[in-house]
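The next block is input23.cif, given as mmCIF, C-alpha atoms.
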data_data
loop_
_atom_site.group_PDB
_atom_site.id
_atom_site.type_symbol
_atom_site.label_atom_id
_atom_site.label_comp_id
_atom_site.auth_asym_id
_atom_site.auth_seq_id
_atom_site.Cartn_x
_atom_site.Cartn_y
_atom_site.Cartn_z
ATOM 1 C CA MET A 1 20.446 4.577 -22.758
ATOM 2 C CA THR A 2 16.996 5.088 -24.266
ATOM 3 C CA GLN A 3 14.408 7.667 -23.289
ATOM 4 C CA HIS A 4 12.329 5.162 -21.330
ATOM 5 C CA ASP A 5 15.179 3.796 -19.169
ATOM 6 C CA ASN A 6 14.517 6.369 -16.427
ATOM 7 C CA ALA A 7 10.740 5.907 -16.421
ATOM 8 C CA LYS A 8 9.337 5.070 -13.003
ATOM 9 C CA VAL A 9 6.174 5.114 -10.927
ATOM 10 C CA ALA A 10 5.451 8.112 -8.702
ATOM 11 C CA SER A 11 3.184 6.695 -5.982
ATOM 12 C CA LEU A 12 0.925 3.860 -4.891
ATOM 13 C CA GLY A 13 -2.461 5.301 -5.779
ATOM 14 C CA TYR A 14 -4.891 2.504 -4.960
ATOM 15 C CA ILE A 15 -5.319 -1.187 -4.287
ATOM 16 C CA GLY A 16 -8.135 -3.614 -4.878
ATOM 17 C CA ILE A 17 -9.044 -6.163 -2.225
ATOM 18 C CA GLY A 18 -11.157 -9.256 -2.780
ATOM 19 C CA VAL A 19 -13.240 -9.853 0.366
ATOM 20 C CA LYS A 20 -15.626 -12.481 1.702
ATOM 21 C CA ASP A 21 -17.622 -10.295 4.112
ATOM 22 C CA ILE A 22 -18.353 -6.958 2.451
ATOM 23 C CA ASP A 23 -20.674 -5.780 5.248
ATOM 24 C CA ALA A 24 -17.995 -6.365 7.898
ATOM 25 C CA TRP A 25 -15.523 -4.448 5.737
ATOM 26 C CA LYS A 26 -17.876 -1.486 5.284
ATOM 27 C CA ASP A 27 -18.363 -1.193 9.037
ATOM 28 C CA PHE A 28 -14.647 -1.630 9.728
ATOM 29 C CA ALA A 29 -13.546 0.832 7.039
ATOM 30 C CA GLN A 30 -15.830 3.584 8.306
ATOM 31 C CA ASN A 31 -16.017 3.130 12.050
ATOM 32 C CA VAL A 32 -12.491 1.903 12.762
ATOM 33 C CA LEU A 33 -10.191 3.128 9.989
ATOM 34 C CA GLY A 34 -12.130 6.355 9.414
ATOM 35 C CA LEU A 35 -12.384 5.937 5.636
ATOM 36 C CA GLN A 36 -15.355 7.296 3.699
ATOM 37 C CA ILE A 37 -17.547 5.057 1.569
ATOM 38 C CA ALA A 38 -17.891 6.788 -1.795
ATOM 39 C CA GLY A 39 -20.545 4.587 -3.328
ATOM 40 C CA GLU A 40 -20.198 1.687 -5.715
ATOM 41 C CA GLY A 41 -18.103 1.584 -8.851
ATOM 42 C CA PRO A 42 -19.490 0.455 -12.221
ATOM 43 C CA ASP A 43 -17.883 -2.948 -11.663
ATOM 44 C CA GLY A 44 -19.649 -3.419 -8.304
ATOM 45 C CA ALA A 45 -16.685 -2.519 -6.112
ATOM 46 C CA THR A 46 -17.243 -0.562 -2.900
ATOM 47 C CA LEU A 47 -15.144 2.594 -3.188
ATOM 48 C CA LEU A 48 -13.305 3.993 -0.165
ATOM 49 C CA ARG A 49 -11.900 7.535 0.050
ATOM 50 C CA MET A 50 -9.281 9.033 2.358
ATOM 51 C CA ASP A 51 -8.594 12.354 0.584
ATOM 52 C CA GLU A 52 -9.599 14.239 -2.574
ATOM 53 C CA TYR A 53 -9.085 11.157 -4.780
ATOM 54 C CA SER A 54 -12.375 9.513 -5.744
ATOM 55 C CA ARG A 55 -11.128 6.082 -4.600
ATOM 56 C CA ARG A 56 -8.080 4.725 -2.792
ATOM 57 C CA PHE A 57 -9.391 1.264 -1.892
ATOM 58 C CA MET A 58 -11.780 -0.846 -3.942
ATOM 59 C CA LEU A 59 -13.492 -3.733 -2.173
ATOM 60 C CA HIS A 60 -14.652 -6.538 -4.468
ATOM 61 C CA PRO A 61 -16.933 -9.272 -3.031
ATOM 62 C CA THR A 62 -14.909 -12.003 -4.741
ATOM 63 C CA GLY A 63 -13.803 -13.902 -1.649
ATOM 64 C CA GLU A 64 -10.008 -13.980 -1.846
ATOM 65 C CA ASP A 65 -9.479 -11.985 1.365
ATOM 66 C CA ASP A 66 -6.312 -10.697 -0.250
ATOM 67 C CA ILE A 67 -5.042 -8.007 -2.575
ATOM 68 C CA ILE A 68 -6.219 -8.595 -6.154
ATOM 69 C CA PHE A 69 -4.592 -5.604 -7.878
ATOM 70 C CA SER A 70 -2.366 -2.632 -7.141
ATOM 71 C CA GLY A 71 -2.407 0.726 -8.926
ATOM 72 C CA PHE A 72 0.705 2.864 -9.351
ATOM 73 C CA GLU A 73 0.347 6.446 -10.526
ATOM 74 C CA VAL A 74 2.559 8.309 -12.991
ATOM 75 C CA PRO A 75 2.260 12.069 -13.568
ATOM 76 C CA ALA A 76 1.222 12.247 -17.235
ATOM 77 C CA ILE A 77 0.955 10.460 -20.571
ATOM 78 C CA GLU A 78 4.678 10.860 -21.347
ATOM 79 C CA GLU A 79 5.742 8.875 -18.269
ATOM 80 C CA PHE A 80 2.878 6.437 -18.848
ATOM 81 C CA GLU A 81 4.019 5.584 -22.362
ATOM 82 C CA ALA A 82 7.700 5.523 -21.416
ATOM 83 C CA LEU A 83 7.100 3.056 -18.586
ATOM 84 C CA GLU A 84 5.006 0.831 -20.836
ATOM 85 C CA ALA A 85 7.823 0.812 -23.401
ATOM 86 C CA LYS A 86 10.378 0.027 -20.680
ATOM 87 C CA LEU A 87 8.375 -2.971 -19.459
ATOM 88 C CA ASN A 88 7.793 -4.249 -22.982
ATOM 89 C CA ALA A 89 11.499 -3.947 -23.793
ATOM 90 C CA ALA A 90 12.230 -6.118 -20.753
ATOM 91 C CA GLY A 91 9.847 -8.799 -21.974
ATOM 92 C CA VAL A 92 6.925 -7.951 -19.673
ATOM 93 C CA GLU A 93 3.588 -8.266 -21.440
ATOM 94 C CA THR A 94 1.283 -5.280 -20.888
ATOM 95 C CA THR A 95 -2.368 -4.784 -21.782
ATOM 96 C CA ARG A 96 -4.179 -1.478 -22.264
ATOM 97 C CA ALA A 97 -7.368 -1.150 -20.253
ATOM 98 C CA THR A 98 -10.815 -1.211 -21.775
ATOM 99 C CA ASP A 99 -13.077 1.814 -21.428
ATOM 100 C CA GLU A 100 -15.019 -0.095 -18.750
ATOM 101 C CA GLU A 101 -11.832 -0.764 -16.761
ATOM 102 C CA LYS A 102 -10.744 2.882 -16.954
ATOM 103 C CA LYS A 103 -14.185 3.970 -15.732
ATOM 104 C CA ALA A 104 -14.060 1.450 -12.871
ATOM 105 C CA ARG A 105 -10.710 2.835 -11.712
ATOM 106 C CA GLY A 106 -11.634 6.468 -12.342
ATOM 107 C CA VAL A 107 -8.553 7.238 -14.468
ATOM 108 C CA VAL A 108 -7.795 8.725 -17.881
ATOM 109 C CA ASP A 109 -5.804 5.669 -18.967
ATOM 110 C CA LEU A 110 -4.074 2.597 -17.576
ATOM 111 C CA PHE A 111 -2.281 -0.535 -18.640
ATOM 112 C CA HIS A 112 -1.785 -3.656 -16.581
ATOM 113 C CA CYS A 113 0.716 -6.460 -16.289
ATOM 114 C CA LYS A 114 1.636 -9.056 -13.675
ATOM 115 C CA ASP A 115 4.444 -8.982 -11.162
ATOM 116 C CA PRO A 116 6.638 -12.115 -10.881
ATOM 117 C CA ASP A 117 4.253 -13.646 -8.319
ATOM 118 C CA GLY A 118 1.199 -13.058 -10.479
ATOM 119 C CA LEU A 119 -0.297 -9.931 -8.878
ATOM 120 C CA ARG A 120 -2.131 -7.734 -11.361
ATOM 121 C CA THR A 121 -0.155 -4.479 -11.425
ATOM 122 C CA GLU A 122 -1.803 -1.412 -12.936
ATOM 123 C CA ILE A 123 -0.004 1.721 -14.125
ATOM 124 C CA TYR A 124 -2.218 4.752 -14.646
ATOM 125 C CA TYR A 125 -2.375 8.497 -15.020
ATOM 126 C CA GLY A 126 -5.149 11.066 -14.655
ATOM 127 C CA PRO A 127 -6.976 9.952 -11.492
ATOM 128 C CA LYS A 128 -10.386 11.424 -10.760
ATOM 129 C CA VAL A 129 -10.203 13.951 -7.910
ATOM 130 C CA GLU A 130 -13.180 15.549 -6.194
ATOM 131 C CA PHE A 131 -12.231 18.800 -4.520
ATOM 132 C CA GLU A 132 -15.873 19.803 -4.865
ATOM 133 C CA LYS A 133 -16.743 16.918 -2.525
ATOM 134 C CA PRO A 134 -14.293 17.275 0.382
ATOM 135 C CA PHE A 135 -13.296 14.101 2.172
ATOM 136 C CA HIS A 136 -15.334 13.645 5.354
ATOM 137 C CA SER A 137 -14.304 10.881 7.706
ATOM 138 C CA PRO A 138 -17.174 9.236 9.593
ATOM 139 C CA ARG A 139 -14.932 9.559 12.657
ATOM 140 C CA ALA A 140 -13.504 12.604 14.397
ATOM 141 C CA ILE A 141 -9.987 12.262 13.004
ATOM 142 C CA SER A 142 -7.678 14.866 11.465
ATOM 143 C CA GLY A 143 -7.146 12.991 8.192
ATOM 144 C CA PHE A 144 -4.439 11.060 6.386
ATOM 145 C CA VAL A 145 -0.977 11.798 4.958
ATOM 146 C CA THR A 146 -1.317 11.320 1.193
ATOM 147 C CA GLY A 147 -0.502 13.828 -1.584
ATOM 148 C CA ASP A 148 2.701 13.046 -3.459
ATOM 149 C CA GLN A 149 3.316 10.170 -1.016
ATOM 150 C CA GLY A 150 0.331 8.170 -2.282
ATOM 151 C CA PHE A 151 -2.145 6.473 0.023
ATOM 152 C CA GLY A 152 0.420 4.708 2.228
ATOM 153 C CA HIS A 153 2.453 1.544 1.871
ATOM 154 C CA MET A 154 1.988 -2.191 1.407
ATOM 155 C CA VAL A 155 4.081 -5.223 2.309
ATOM 156 C CA LEU A 156 3.925 -8.118 -0.126
ATOM 157 C CA SER A 157 5.105 -11.688 0.224
ATOM 158 C CA THR A 158 7.149 -13.130 -2.620
ATOM 159 C CA ALA A 159 8.279 -16.598 -3.555
ATOM 160 C CA ASP A 160 11.226 -15.225 -5.544
ATOM 161 C CA MET A 161 12.885 -12.203 -3.981
ATOM 162 C CA ALA A 162 15.360 -11.703 -6.826
ATOM 163 C CA ALA A 163 12.632 -11.650 -9.473
ATOM 164 C CA ALA A 164 10.384 -9.393 -7.395
ATOM 165 C CA ARG A 165 13.207 -6.944 -6.747
ATOM 166 C CA ASN A 166 14.127 -6.858 -10.418
ATOM 167 C CA PHE A 167 10.518 -6.045 -11.340
ATOM 168 C CA TYR A 168 9.921 -3.347 -8.752
ATOM 169 C CA GLU A 169 13.406 -1.804 -8.664
ATOM 170 C CA ASN A 170 14.773 -2.128 -12.181
ATOM 171 C CA LEU A 171 11.502 -1.907 -14.106
ATOM 172 C CA LEU A 172 9.100 0.186 -11.992
ATOM 173 C CA GLY A 173 11.951 2.357 -10.695
ATOM 174 C CA PHE A 174 11.758 1.886 -6.929
ATOM 175 C CA LEU A 175 14.850 2.795 -4.904
ATOM 176 C CA ILE A 176 16.142 0.980 -1.824
ATOM 177 C CA SER A 177 15.362 2.700 1.461
ATOM 178 C CA ASP A 178 16.935 0.140 3.789
ATOM 179 C CA TYR A 179 16.855 -3.466 4.937
ATOM 180 C CA ILE A 180 15.673 -5.259 8.061
ATOM 181 C CA ASN A 181 17.333 -8.609 8.765
ATOM 182 C CA MET A 182 16.031 -10.081 12.004
ATOM 183 C CA GLU A 183 15.405 -13.346 13.783
ATOM 184 C CA VAL A 184 11.677 -13.641 14.449
ATOM 185 C CA ALA A 185 11.764 -17.181 15.871
ATOM 186 C CA PRO A 186 14.412 -19.795 16.630
ATOM 187 C CA GLU A 187 16.028 -20.841 13.351
ATOM 188 C CA PHE A 188 13.794 -18.486 11.318
ATOM 189 C CA ARG A 189 15.142 -15.212 9.962
ATOM 190 C CA LEU A 190 13.209 -12.580 8.102
ATOM 191 C CA ASP A 191 15.049 -10.518 5.503
ATOM 192 C CA LEU A 192 13.007 -7.624 4.165
ATOM 193 C CA VAL A 193 13.821 -4.903 1.663
ATOM 194 C CA PHE A 194 12.062 -1.524 1.896
ATOM 195 C CA LEU A 195 11.562 0.493 -1.277
ATOM 196 C CA HIS A 196 10.513 4.056 -2.038
ATOM 197 C CA CYS A 197 9.388 5.964 -5.123
ATOM 198 C CA ASN A 198 8.707 9.355 -3.501
ATOM 199 C CA PRO A 199 9.492 10.997 -0.117
ATOM 200 C CA ARG A 200 7.510 8.389 1.851
ATOM 201 C CA HIS A 201 10.096 6.193 3.577
ATOM 202 C CA HIS A 202 8.691 3.125 1.898
ATOM 203 C CA THR A 203 5.789 2.604 -0.441
ATOM 204 C CA LEU A 204 6.550 -1.098 -0.783
ATOM 205 C CA ALA A 205 8.323 -3.744 1.254
ATOM 206 C CA LEU A 206 9.051 -7.266 0.034
ATOM 207 C CA ALA A 207 9.202 -10.270 2.333
ATOM 208 C CA PRO A 208 10.235 -13.801 1.277
ATOM 209 C CA VAL A 209 7.712 -15.617 3.463
ATOM 210 C CA PRO A 210 6.075 -18.923 2.483
ATOM 211 C CA ILE A 211 2.389 -18.030 2.857
ATOM 212 C CA PRO A 212 -0.392 -18.181 0.248
ATOM 213 C CA ASN A 213 -1.553 -14.581 0.714
ATOM 214 C CA ARG A 214 0.316 -11.783 -1.069
ATOM 215 C CA LEU A 215 -0.718 -8.902 1.199
ATOM 216 C CA LEU A 216 0.923 -9.052 4.615
ATOM 217 C CA HIS A 217 -0.298 -5.581 5.565
ATOM 218 C CA PHE A 218 -1.033 -2.131 4.270
ATOM 219 C CA MET A 219 -0.385 1.095 6.163
ATOM 220 C CA VAL A 220 -2.262 4.364 6.442
ATOM 221 C CA GLN A 221 -0.629 7.355 8.131
ATOM 222 C CA LEU A 222 -2.598 9.841 10.205
ATOM 223 C CA ASN A 223 -1.995 13.565 10.594
ATOM 224 C CA ASN A 224 -2.180 13.439 14.383
ATOM 225 C CA LEU A 225 -0.867 11.033 17.021
ATOM 226 C CA ASP A 226 -4.160 11.381 18.907
ATOM 227 C CA ASP A 227 -5.916 9.721 15.960
ATOM 228 C CA VAL A 228 -3.714 6.656 16.415
ATOM 229 C CA GLY A 229 -4.320 6.551 20.170
ATOM 230 C CA SER A 230 -8.085 6.952 19.915
ATOM 231 C CA THR A 231 -8.273 4.260 17.237
ATOM 232 C CA LEU A 232 -6.207 1.876 19.353
ATOM 233 C CA TYR A 233 -8.825 2.152 22.090
ATOM 234 C CA ILE A 234 -11.674 1.607 19.608
ATOM 235 C CA VAL A 235 -9.918 -1.553 18.405
ATOM 236 C CA ARG A 236 -9.621 -2.784 21.994
ATOM 237 C CA GLU A 237 -13.206 -1.888 22.875
ATOM 238 C CA LYS A 238 -14.540 -3.702 19.810
ATOM 239 C CA GLY A 239 -12.403 -6.783 20.498
ATOM 240 C CA ILE A 240 -10.677 -6.569 17.119
ATOM 241 C CA GLY A 241 -7.616 -8.774 16.891
ATOM 242 C CA MET A 242 -4.225 -7.113 17.251
ATOM 243 C CA GLY A 243 -1.190 -7.864 15.147
ATOM 244 C CA MET A 244 1.243 -5.717 17.139
ATOM 245 C CA ASP A 245 0.728 -3.279 19.991
ATOM 246 C CA LEU A 246 1.849 0.360 19.897
ATOM 247 C CA GLY A 247 5.518 0.852 19.050
ATOM 248 C CA LYS A 248 8.058 2.833 17.025
ATOM 249 C CA HIS A 249 9.852 1.385 14.019
ATOM 250 C CA THR A 250 13.619 1.469 13.561
ATOM 251 C CA ASN A 251 13.641 2.380 9.891
ATOM 252 C CA ASP A 252 10.855 4.898 9.214
ATOM 253 C CA HIS A 253 10.447 5.931 12.903
ATOM 254 C CA MET A 254 6.673 5.628 12.618
ATOM 255 C CA VAL A 255 4.659 5.282 15.835
ATOM 256 C CA SER A 256 1.978 2.742 15.030
ATOM 257 C CA PHE A 257 0.042 -0.370 15.908
ATOM 258 C CA TYR A 258 -1.270 -3.251 13.791
ATOM 259 C CA MET A 259 -4.866 -4.461 13.779
ATOM 260 C CA LYS A 260 -6.490 -7.442 12.072
ATOM 261 C CA SER A 261 -8.724 -6.622 9.123
ATOM 262 C CA PRO A 262 -11.969 -8.543 8.456
ATOM 263 C CA SER A 263 -9.981 -10.460 5.822
ATOM 264 C CA GLY A 264 -7.326 -11.556 8.309
ATOM 265 C CA PHE A 265 -4.341 -9.604 7.016
ATOM 266 C CA GLU A 266 -3.040 -6.763 9.156
ATOM 267 C CA ILE A 267 -3.384 -3.004 8.812
ATOM 268 C CA GLU A 268 -0.783 -0.656 10.259
ATOM 269 C CA TYR A 269 -2.225 2.579 11.645
ATOM 270 C CA GLY A 270 0.497 5.122 12.296
ATOM 271 C CA TRP A 271 1.817 8.638 12.666
ATOM 272 C CA GLY A 272 5.081 10.561 12.450
ATOM 273 C CA ALA A 273 7.152 8.710 9.853
ATOM 274 C CA ARG A 274 10.266 10.422 8.551
ATOM 275 C CA VAL A 275 10.632 11.101 4.837
ATOM 276 C CA ILE A 276 13.450 10.498 2.380
ATOM 277 C CA ASP A 277 15.520 13.056 0.489
ATOM 278 C CA ASP A 278 17.416 11.077 -2.146
ATOM 279 C CA ALA A 279 20.155 13.712 -2.263
ATOM 280 C CA THR A 280 21.181 12.951 1.328
ATOM 281 C CA TRP A 281 19.735 9.509 2.127
ATOM 282 C CA ASN A 282 22.114 6.651 3.005
ATOM 283 C CA VAL A 283 20.980 3.034 2.788
ATOM 284 C CA VAL A 284 21.491 1.101 6.048
ATOM 285 C CA HIS A 285 20.311 -2.184 7.521
ATOM 286 C CA HIS A 286 18.629 -2.952 10.839
ATOM 287 C CA THR A 287 18.518 -6.122 12.896
ATOM 288 C CA SER A 288 15.370 -5.118 14.785
ATOM 289 C CA GLY A 289 12.045 -3.919 13.468
ATOM 290 C CA SER A 290 11.261 -1.577 16.337
ATOM 291 C CA ILE A 291 12.970 0.869 18.686
ATOM 292 C CA TRP A 292 10.347 0.099 21.323
ATOM 293 C CA GLY A 293 6.998 -1.668 21.517
ATOM 294 C CA HIS A 294 5.268 -3.502 18.659
ATOM 295 C CA THR A 295 4.897 -6.602 20.809
ATOM 296 C CA ARG A 296 2.746 -9.379 19.412
ATOM 297 C CA PRO A 297 -0.067 -10.950 21.442
ATOM 298 C CA ALA A 298 0.837 -14.154 23.229
ATOM 299 C CA GLY A 299 0.303 -17.178 21.016
#
Can I see the file as structure tokens?
Amino acid sequence: MTQHDNAKVASLGYIGIGVKDIDAWKDFAQNVLGLQIAGEGPDGATLLRMDEYSRRFMLHPTGEDDIIFSGFEVPAIEEFEALEAKLNAAGVETTRATDEEKKARGVVDLFHCKDPDGLRTEIYYGPKVEFEKPFHSPRAISGFVTGDQGFGHMVLSTADMAAARNFYENLLGFLISDYINMEVAPEFRLDLVFLHCNPRHHTLALAPVPIPNRLLHFMVQLNNLDDVGSTLYIVREKGIGMGMDLGKHTNDHMVSFYMKSPSGFEIEYGWGARVIDDATWNVVHHTSGSIWGHTRPAG
């Protein structure tokens, strides 16, 4: 075993989203999700904050209406270099960022590669934090659960589950949280794997679904259940499409609902998820996604 074999990511720090309607996204991000617009990056991206980090979401007016890159944080240069060596040893080509790219992401250094489905995957350390500019939500909410758990989680589609799992588990160091194997329609089963890299129940879930978009949804977790309830009513009042109504998940026990973003993919807005202690956690599988609720609209 070499020194880099145990290298792994620590959290999902940011994602980039290519959007068609940047004005709709700015309104939605502020007045529905409660994120703070933090200006424009040097590459033209609209920066969104949810905590002391200078950016957690970067909106690029490039039209994909999908995720265009993900950014995984490691603690320091030692882990950064070890993970790069681990990927290279496995035959994954990596590229160090230019000074312009590092400035656009607000990090000390990063390298990027592609996951098996072609998503640009960035590994970085040294994010810019702004304690001198406290996060202020445009809405009266209590804030988001971040810290060592990262910004939240994302669910990605994959055309090759085995290759995707090898990349994220064996190379980036994710551990299995649990599985959900359920029938979502007659003669159609959905088999998902949920992965963690810190105490958050899952930072990433992989779904073998045949759709062109990679991002099925991302999740942000609120500090207070009232924030979820008040936002649910804003979504209804504004006539924003719903993905799933309020419910509680079987695996992470989060109470949440799913709304449609201006790009069409869903966003889970939740509270109360349990966390994982690897010393005591047992992997299980579920045949239902929810304990109660999470019904989808008719049609």
Problem set entry | 6 Å contact set for Val255 (chain A), only C-alpha atoms, chain neighbours under 2 positions out, as a VMD selection string | chain A and resid 247 to 248 270 to 271
Mind dumping a table of every region 191-273 of chain A residue within 9 Å of region 62-81 of chain A, with the nearest atom pair and its distance in Å to one decimal, using only C-alpha atoms, sorted by chain and rising number, as JSON lines?
{"residue": "A:Asn213", "atom": "CA", "partner": "A:Asp66", "partner_atom": "CA", "distance": 6.2}
{"residue": "A:Arg214", "atom": "CA", "partner": "A:Ile67", "partner_atom": "CA", "distance": 6.7}
{"residue": "A:Leu215", "atom": "CA", "partner": "A:Ile67", "partner_atom": "CA", "distance": 5.8}
{"residue": "A:Leu216", "atom": "CA", "partner": "A:Asp66", "partner_atom": "CA", "distance": 8.9}
{"residue": "A:Pro262", "atom": "CA", "partner": "A:Asp65", "partner_atom": "CA", "distance": 8.3}
{"residue": "A:Ser263", "atom": "CA", "partner": "A:Asp65", "partner_atom": "CA", "distance": 4.7}
{"residue": "A:Gly264", "atom": "CA", "partner": "A:Asp65", "partner_atom": "CA", "distance": 7.3}
{"residue": "A:Phe265", "atom": "CA", "partner": "A:Asp66", "partner_atom": "CA", "distance": 7.6}
For this session: Could you give me, as an NGL selection string, the residues within 9 Å of region 272-277 of chain A, counting all atoms listed in the file and dropping anything in the same chain fewer than 3 positions from it?
Result: :A and (177 or 196 or 198-202 or 221-225 or 249 or 251-256 or 280-281)
Exercise. So which residues get picked by the PyMOL selection byres ((chain A and resi 61) around 9) here, written as a ChimeraX atom specification?
Worked result: /A:17-22,44-46,59-60,62-64
Would you output that residue set with C-alpha atoms, as a PDB file, in the coordinates of the input?
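Listing of part_23.pdb after writing:
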ATOM      1  CA  ILE A  17      -9.044  -6.163  -2.225  1.00  0.00           C
ATOM      2  CA  GLY A  18     -11.157  -9.256  -2.780  1.00  0.00           C
ATOM      3  CA  VAL A  19     -13.240  -9.853   0.366  1.00  0.00           C
ATOM      4  CA  LYS A  20     -15.626 -12.481   1.702  1.00  0.00           C
ATOM      5  CA  ASP A  21     -17.622 -10.295   4.112  1.00  0.00           C
ATOM      6  CA  ILE A  22     -18.353  -6.958   2.451  1.00  0.00           C
ATOM      7  CA  GLY A  44     -19.649  -3.419  -8.304  1.00  0.00           C
ATOM      8  CA  ALA A  45     -16.685  -2.519  -6.112  1.00  0.00           C
ATOM      9  CA  THR A  46     -17.243  -0.562  -2.900  1.00  0.00           C
ATOM     10  CA  LEU A  59     -13.492  -3.733  -2.173  1.00  0.00           C
ATOM     11  CA  HIS A  60     -14.652  -6.538  -4.468  1.00  0.00           C
ATOM     12  CA  THR A  62     -14.909 -12.003  -4.741  1.00  0.00           C
ATOM     13  CA  GLY A  63     -13.803 -13.902  -1.649  1.00  0.00           C
ATOM     14  CA  GLU A  64     -10.008 -13.980  -1.846  1.00  0.00           C
TER      15      GLU A  64
END
Counting only C-alpha atoms, what are the residues of region 41-116 of chain A within 7 Å of region 130-150 of chain A, and for each of them which pair of atoms is the nearest and at what distance in Å, to one decimal? Sort the table by chain and rising number, as CSV.
residue,atom,partner,partner_atom,distance
A:Met50,CA,A:Phe135,CA,6.5
A:Asp51,CA,A:Phe135,CA,5.3
A:Glu52,CA,A:Glu130,CA,5.3
A:Tyr53,CA,A:Glu130,CA,6.2
A:Ser54,CA,A:Glu130,CA,6.1
Within 10 Å of region 181-183 of chain A, counting all atoms listed in the file, which residues qualify if same-chain residues fewer than 5 places away don't, as an mmCIF file with C-alpha atoms, keeping the file's coordinate frame?
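Here's the written file result21.cif:
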data_model
loop_
_atom_site.group_PDB
_atom_site.id
_atom_site.type_symbol
_atom_site.label_atom_id
_atom_site.label_comp_id
_atom_site.auth_asym_id
_atom_site.auth_seq_id
_atom_site.Cartn_x
_atom_site.Cartn_y
_atom_site.Cartn_z
ATOM 1 C CA PHE A 188 13.794 -18.486 11.318
ATOM 2 C CA ARG A 189 15.142 -15.212 9.962
ATOM 3 C CA LEU A 190 13.209 -12.580 8.102
ATOM 4 C CA ASP A 191 15.049 -10.518 5.503
ATOM 5 C CA LEU A 192 13.007 -7.624 4.165
ATOM 6 C CA VAL A 193 13.821 -4.903 1.663
ATOM 7 C CA HIS A 285 20.311 -2.184 7.521
ATOM 8 C CA HIS A 286 18.629 -2.952 10.839
ATOM 9 C CA THR A 287 18.518 -6.122 12.896
ATOM 10 C CA SER A 288 15.370 -5.118 14.785
ATOM 11 C CA GLY A 289 12.045 -3.919 13.468
#
Problem set entry | Result set of the PyMOL selection byres ((chain A and resi 205) around 8) on the coordinates above, as number ranges by chain | A: 153-156, 192-195, 202-204, 206-207
Determine the residue set returned by the PyMOL selection byres ((chain A and resi 33) around 9) for the present structure, and present it as a PDB file with C-alpha atoms, in the frame of the given file.
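The result, written out as result-v7.pdb:
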ATOM      1  CA  PHE A  28     -14.647  -1.630   9.728  1.00  0.00           C
ATOM      2  CA  ALA A  29     -13.546   0.832   7.039  1.00  0.00           C
ATOM      3  CA  GLN A  30     -15.830   3.584   8.306  1.00  0.00           C
ATOM      4  CA  ASN A  31     -16.017   3.130  12.050  1.00  0.00           C
ATOM      5  CA  VAL A  32     -12.491   1.903  12.762  1.00  0.00           C
ATOM      6  CA  GLY A  34     -12.130   6.355   9.414  1.00  0.00           C
ATOM      7  CA  LEU A  35     -12.384   5.937   5.636  1.00  0.00           C
ATOM      8  CA  ARG A 139     -14.932   9.559  12.657  1.00  0.00           C
ATOM      9  CA  VAL A 220      -2.262   4.364   6.442  1.00  0.00           C
ATOM     10  CA  THR A 231      -8.273   4.260  17.237  1.00  0.00           C
ATOM     11  CA  TYR A 269      -2.225   2.579  11.645  1.00  0.00           C
TER      12      TYR A 269
END
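Here CA of Tyr233 (chain A) stands at a distance of 16.3 Å from CA of Thr295 (chain A).
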For this session: Work out how far CA of Pro210 (chain A) is from CA of Asp115 (chain A), in Å to one decimal.
Result: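 Here the two named atoms are 17.0 Å from each other.
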Problem set entry | Among the residues A:Asp278, A:Phe151, A:His112, A:His294, the one that comes closest to Phe174 (chain A) [using all atoms listed in the file] | A:Asp278
So that all listed atoms of region 150-167 of chain A fit with 3 Å spare on each side, what axis-aligned box centre and edge lengths in Å, to one decimal, would you give as JSON?
{"center_x": 6.6, "center_y": -4.2, "center_z": -4.5, "size_x": 23.5, "size_y": 30.8, "size_z": 19.6}
Exercise. Quick one: of A:Arg55, A:Arg96, A:Lys238, A:Arg296, who's nearest to Thr121 (chain A), counting all atoms listed in the file?
Worked result: A:Arg96
Exercise. Hey, can you check how far CA of Lys128 (chain A) sits from CA of Tyr14 (chain A)?
Worked result: 12.0 Å
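Within a radius of 8 Å around (-5.7, 5.7, -15.3), the polymer residues are Glu73, Lys102, Arg105, Gly106, Val107, Val108, Asp109, Leu110, Phe111, Ile123, Tyr124, Tyr125, Gly126 and Pro127 of chain A, counting only C-alpha atoms.
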For this session: Name the residues in contact with Cys113 (chain A) at a cut-off of 8 Å, using only C-alpha atoms, excluding same-chain residues fewer than 5 positions from it; report them as a list in words.
Result: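 What passes the distance filter is Val92, Glu93, Thr94, Thr95, Arg120, Thr121 and Glu122 of chain A.
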Mind rebuilding region 122-127 of chain A with N, CA and C atoms and writing that out as a PDB file, keeping the file's coordinate frame?
ATOM      1  N   GLU A 122      -1.252  -2.400 -12.028  1.00  0.00           N
ATOM      2  CA  GLU A 122      -1.803  -1.412 -12.936  1.00  0.00           C
ATOM      3  C   GLU A 122      -0.987  -0.119 -12.869  1.00  0.00           C
ATOM      4  N   ILE A 123      -0.705   0.437 -14.016  1.00  0.00           N
ATOM      5  CA  ILE A 123      -0.004   1.721 -14.125  1.00  0.00           C
ATOM      6  C   ILE A 123      -0.990   2.695 -14.773  1.00  0.00           C
ATOM      7  N   TYR A 124      -1.190   3.847 -14.142  1.00  0.00           N
ATOM      8  CA  TYR A 124      -2.218   4.752 -14.646  1.00  0.00           C
ATOM      9  C   TYR A 124      -1.777   6.200 -14.522  1.00  0.00           C
ATOM     10  N   TYR A 125      -2.512   7.061 -15.232  1.00  0.00           N
ATOM     11  CA  TYR A 125      -2.375   8.497 -15.020  1.00  0.00           C
ATOM     12  C   TYR A 125      -3.756   9.125 -15.112  1.00  0.00           C
ATOM     13  N   GLY A 126      -3.884  10.342 -14.590  1.00  0.00           N
ATOM     14  CA  GLY A 126      -5.149  11.066 -14.655  1.00  0.00           C
ATOM     15  C   GLY A 126      -6.219  10.552 -13.722  1.00  0.00           C
ATOM     16  N   PRO A 127      -5.939  10.416 -12.420  1.00  0.00           N
ATOM     17  CA  PRO A 127      -6.976   9.952 -11.492  1.00  0.00           C
ATOM     18  C   PRO A 127      -8.078  10.996 -11.316  1.00  0.00           C
TER      19      PRO A 127
END
